[in-house]
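Right, one structure below, let's go through it.
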Amino acid sequence: MSILSASLARIKPSPTIAVTNLARELQAQGRDVVGLGAGEPDFDTPDHIKEAAIAAIREGQTKYTAVDGTPALKQAIAAKFVRENGITCKTDEISVGTGGKQVLYNALMATLNPGDEVVIPAPYWVSYPDMTLLAGGTPVFVSCPEQTGFKLRPEDLDEAIGPRTKWVVLNSPNNPTGAAYTEAEIKALTDVLLRHPHVWLMTDDMYEHLVYDGFRFTTPVQVEPSLQARTLTVNGVSKAYAMTGWRIGYAGGPKELIRAMGIIQSQSTSNPCSVSQAAAVAALNGDLGFLAERNAVYRERRDLVVAMLNRAPGLRCHRPEGAFYVYPSCAGVIGRRTPAGVLLHNSADFAARLLEEEGVAVVHGTAFGLDPYFRISYATSTSLLEEACTRIIRFCERLAD
C-alpha cells in the first residue's frame, strides 16, 4: 500500500515553478540561461514598506496574530477596497492569507463538494484547475482564443454554466496572456451571472495596478454591485508592490464564506507572518506614486518583446493590456525540425529545445490550457529581454521545414 494519498494523483506540480527551478539549476551548473518563466517583479520592495517591517520587528510584532489577519491590516484592506474599487467590506468580510494562492485554495476547499463544477477560462493560471481537483471539484474549461483577445465571451460563459456550477473564476489582467477586461466586457459577463443565481464569482485581481496605455481597471463587484453577496474579490501585495517573498494575499467576500475560509486556515497554516502583515499595512496605506515609473518600464519592455518576437519566423505575439506577460503563438514552427533533427510537435517541444539549444527558459502553453503558445515574463531587465528575444529569433531562423 502506498503512503501517498489518492488525491495527489489528481494534481501535478506547478509548471511555472518547475521551469523557474530548472533555469536556476542550469545557471548553478554554469549554463548561460536567461529565465523568463518567473512571474516575479525584478524591482525591489519600496523602502517605506521595508522600513515598516523593520519598525514592526523592533516593536516586538513577532507573535501569533489573528488567524486570518490583524485588525490593522483588515482595516487597511477595507479602506483600499473603498478607495480604489468602490467596494464596502466590513473587517469580518475580509480574509488574509499567506499569498493570494492560499486565499483561493481556502475558498475552494471551504465550498466544493464532489461533482461541483468550477468554470475556468483558458488560458488560465496553472493552479486554478489543480486546486479545484484537490478540493474535490471538477474544472470546466472555456476556450478563449486569440481571436477574442484571450477573453471570455458572455455567450460562452452562459453555455458553460450548468446545474452543478459552483464558481466562475475571472482573472484580469490575466496570467498568462496579460489580457484585461474593459468595464463593458465585465458588464456583459456579470449580466450572464445575474441570470444564474446559484453561481458564485471568484475574481483574481492580483495584477490590478499593472495596466498600460490608459487602460482603466474595474473589478466585477464595482461594475455590478448586486453580485457582491456571491463574489470573492481576491488580491494581494506581491505584484504591484514587488512583495512576492512577503507572502500576503487577501480577499473580500460574504461573512459566511470568510468565516469558513478562516476555519480551513486555522487548521492548516494559521496566521500569515506578523511582520509581513505590518509591511502590507504600509503598502496599502502608502503612496502609489512609485507605480507610474515602474509601469512605464514594464510598458517599454512589453513593446520591445512584442516587436522582437513578431520578427521571429513562425511566431506571432499579441500585444496585451496588462500584467507582465506575453503569450505568443508558436503555431508557425510546429512541424519543423531543429538543426539536430528534432521534430517540434507542440509548445512543450518548442520550449524544451529552446532551453537546450539557446538557453532561454519559457513556459509552454499546455500548462495554461491553450496550445500552441508559450508564456514569457518580461519582469526582468531590458538587456536580458533583448538577449533572450535575439536568441529566440535565431532559434526560429534555424528551424527547417
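Lettering and numbering for the C-alpha cells are positional, with chains as A, B, ... in the shown order, residues counted from 1 in each chain, and ligands counted from 1 in the shown order.
Those residues that approach Ala188 in chain A to within 12 Å, counting only C-alpha atoms, are A:Lys151, A:Leu152, A:Arg153, A:Pro154, A:Glu155, A:Asp156, A:Leu157, A:Asp158, A:Tyr181, A:Thr182, A:Leu194, A:Arg195, A:Pro220, A:Val223, A:Glu224; same-chain residues fewer than 6 positions away are not listed.
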Print the selection's residues with N, CA, C and O atoms to a file, as a PDB file, in the first residue's frame.
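Dumped everything to result17.pdb:
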ATOM      1  N   LYS A 151     -10.074  36.550 -24.219  1.00  0.00           N
ATOM      2  CA  LYS A 151     -11.075  36.918 -23.220  1.00  0.00           C
ATOM      3  C   LYS A 151     -12.315  36.051 -23.351  1.00  0.00           C
ATOM      4  O   LYS A 151     -12.690  35.616 -24.441  1.00  0.00           O
ATOM      5  N   LEU A 152     -12.975  35.848 -22.208  1.00  0.00           N
ATOM      6  CA  LEU A 152     -14.192  35.058 -22.136  1.00  0.00           C
ATOM      7  C   LEU A 152     -15.354  35.842 -22.724  1.00  0.00           C
ATOM      8  O   LEU A 152     -15.609  36.985 -22.331  1.00  0.00           O
ATOM      9  N   ARG A 153     -16.084  35.210 -23.649  1.00  0.00           N
ATOM     10  CA  ARG A 153     -17.264  35.838 -24.232  1.00  0.00           C
ATOM     11  C   ARG A 153     -18.497  35.466 -23.407  1.00  0.00           C
ATOM     12  O   ARG A 153     -18.595  34.345 -22.883  1.00  0.00           O
ATOM     13  N   PRO A 154     -19.451  36.384 -23.288  1.00  0.00           N
ATOM     14  CA  PRO A 154     -20.633  36.099 -22.458  1.00  0.00           C
ATOM     15  C   PRO A 154     -21.406  34.876 -22.931  1.00  0.00           C
ATOM     16  O   PRO A 154     -21.900  34.093 -22.111  1.00  0.00           O
ATOM     17  N   GLU A 155     -21.523  34.672 -24.237  1.00  0.00           N
ATOM     18  CA  GLU A 155     -22.275  33.519 -24.727  1.00  0.00           C
ATOM     19  C   GLU A 155     -21.573  32.205 -24.381  1.00  0.00           C
ATOM     20  O   GLU A 155     -22.237  31.191 -24.111  1.00  0.00           O
ATOM     21  N   ASP A 156     -20.255  32.224 -24.364  1.00  0.00           N
ATOM     22  CA  ASP A 156     -19.511  31.020 -23.987  1.00  0.00           C
ATOM     23  C   ASP A 156     -19.635  30.737 -22.491  1.00  0.00           C
ATOM     24  O   ASP A 156     -19.709  29.581 -22.066  1.00  0.00           O
ATOM     25  N   LEU A 157     -19.638  31.798 -21.695  1.00  0.00           N
ATOM     26  CA  LEU A 157     -19.850  31.633 -20.257  1.00  0.00           C
ATOM     27  C   LEU A 157     -21.232  31.044 -19.990  1.00  0.00           C
ATOM     28  O   LEU A 157     -21.379  30.108 -19.196  1.00  0.00           O
ATOM     29  N   ASP A 158     -22.231  31.563 -20.645  1.00  0.00           N
ATOM     30  CA  ASP A 158     -23.600  31.105 -20.442  1.00  0.00           C
ATOM     31  C   ASP A 158     -23.732  29.619 -20.778  1.00  0.00           C
ATOM     32  O   ASP A 158     -24.386  28.850 -20.059  1.00  0.00           O
ATOM     33  N   TYR A 181      -9.969  42.928 -19.049  1.00  0.00           N
ATOM     34  CA  TYR A 181     -11.345  43.172 -19.470  1.00  0.00           C
ATOM     35  C   TYR A 181     -11.735  44.626 -19.246  1.00  0.00           C
ATOM     36  O   TYR A 181     -11.496  45.182 -18.172  1.00  0.00           O
ATOM     37  N   THR A 182     -12.357  45.222 -20.256  1.00  0.00           N
ATOM     38  CA  THR A 182     -12.897  46.568 -20.097  1.00  0.00           C
ATOM     39  C   THR A 182     -14.151  46.509 -19.221  1.00  0.00           C
ATOM     40  O   THR A 182     -14.708  45.436 -18.963  1.00  0.00           O
ATOM     41  N   LEU A 194     -26.051  37.215 -13.482  1.00  0.00           N
ATOM     42  CA  LEU A 194     -27.317  37.614 -12.865  1.00  0.00           C
ATOM     43  C   LEU A 194     -28.439  36.642 -13.230  1.00  0.00           C
ATOM     44  O   LEU A 194     -29.405  36.484 -12.474  1.00  0.00           O
ATOM     45  N   ARG A 195     -28.299  35.971 -14.369  1.00  0.00           N
ATOM     46  CA  ARG A 195     -29.317  35.004 -14.802  1.00  0.00           C
ATOM     47  C   ARG A 195     -29.104  33.627 -14.172  1.00  0.00           C
ATOM     48  O   ARG A 195     -29.922  32.721 -14.367  1.00  0.00           O
ATOM     49  N   PRO A 220     -15.450  43.142 -11.042  1.00  0.00           N
ATOM     50  CA  PRO A 220     -16.873  42.880 -11.283  1.00  0.00           C
ATOM     51  C   PRO A 220     -17.841  43.483 -10.277  1.00  0.00           C
ATOM     52  O   PRO A 220     -18.892  44.007 -10.667  1.00  0.00           O
ATOM     53  N   VAL A 223     -18.585  46.932 -11.027  1.00  0.00           N
ATOM     54  CA  VAL A 223     -19.456  47.107 -12.193  1.00  0.00           C
ATOM     55  C   VAL A 223     -20.888  46.695 -11.869  1.00  0.00           C
ATOM     56  O   VAL A 223     -21.843  47.337 -12.296  1.00  0.00           O
ATOM     57  N   GLU A 224     -21.041  45.607 -11.114  1.00  0.00           N
ATOM     58  CA  GLU A 224     -22.364  45.086 -10.766  1.00  0.00           C
ATOM     59  C   GLU A 224     -22.420  44.821  -9.263  1.00  0.00           C
ATOM     60  O   GLU A 224     -22.199  43.709  -8.795  1.00  0.00           O
TER      61      GLU A 224
END
inquiry  = For His209 in chain A, find every residue with an atom within 10 Å (counting only C-alpha atoms), except residues of its own chain fewer than 3 positions away, and show them as number ranges by chain.
reply    = A: 173, 205-206, 212, 216-217, 239-241, 288, 291-292, 295, 322-323
task = Return as a PyMOL selection string the full set of residues in range 115-335 of chain A whose backbone-based DSSP assignment is helix (DSSP H, G or I).
result = chain A and resi 127-134+146-148+154-160+183-194+220-223+225-230+244-246+255-266+274-285+290-309+331-333
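Atom pair CA of His196 in chain A / CA of Glu256 in chain A has a distance of 20.2 Å (rounded to one decimal).
Distances from A:Glu159, A:Asp42, A:Glu93, A:Asp68 to Ile263 in chain A were compared using only C-alpha atoms, and the smallest one belongs to A:Asp68.
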task = With a distance cut-off of 8 Å and only C-alpha atoms, select the neighbouring residues of Pro328 in chain A, excluding the residue or stretch itself and same-chain residues fewer than 2 positions from it, and output the selection as a count of residues only.
result = 10
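Nearest to Ala79 in chain A of all the residues A:Val305, A:Asn285, A:Asp349, A:Gln61 is A:Asn285, counting only C-alpha atoms.
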message = Can you pull out the residues contacting Asn113 in chain A? Cut-off 12 Å, using only C-alpha atoms, and skip same-chain residues under 6 positions away; I want them as a PyMOL selection string.
response = chain A and resi 132-138+164-167
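Of note, CA of Ala38 in chain A and CA of His364 in chain A are spaced 12.8 Å apart.
Every protein or nucleic acid residue with an atom no more than 7 Å from range 333-337 of chain A, counting only C-alpha atoms and leaving out same-chain residues fewer than 2 positions away, appears here: Gly314, Cys330, Ala331, Pro339, Gly341, Val342, Leu343, Leu344, His345, Asn346, Leu399, Ala400 and Asp401 of chain A.
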message = Using only C-alpha atoms, can you tell me which of A:Ser266, A:Phe215, A:Leu210, A:Ala9 comes closest to Ala66 in chain A?
response = A:Ser266
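Of the listed residues (A:Gln75, A:Asn175, A:Ser95, A:Gln277), A:Asn175 comes nearest to Thr16 in chain A; the distances count only C-alpha atoms.
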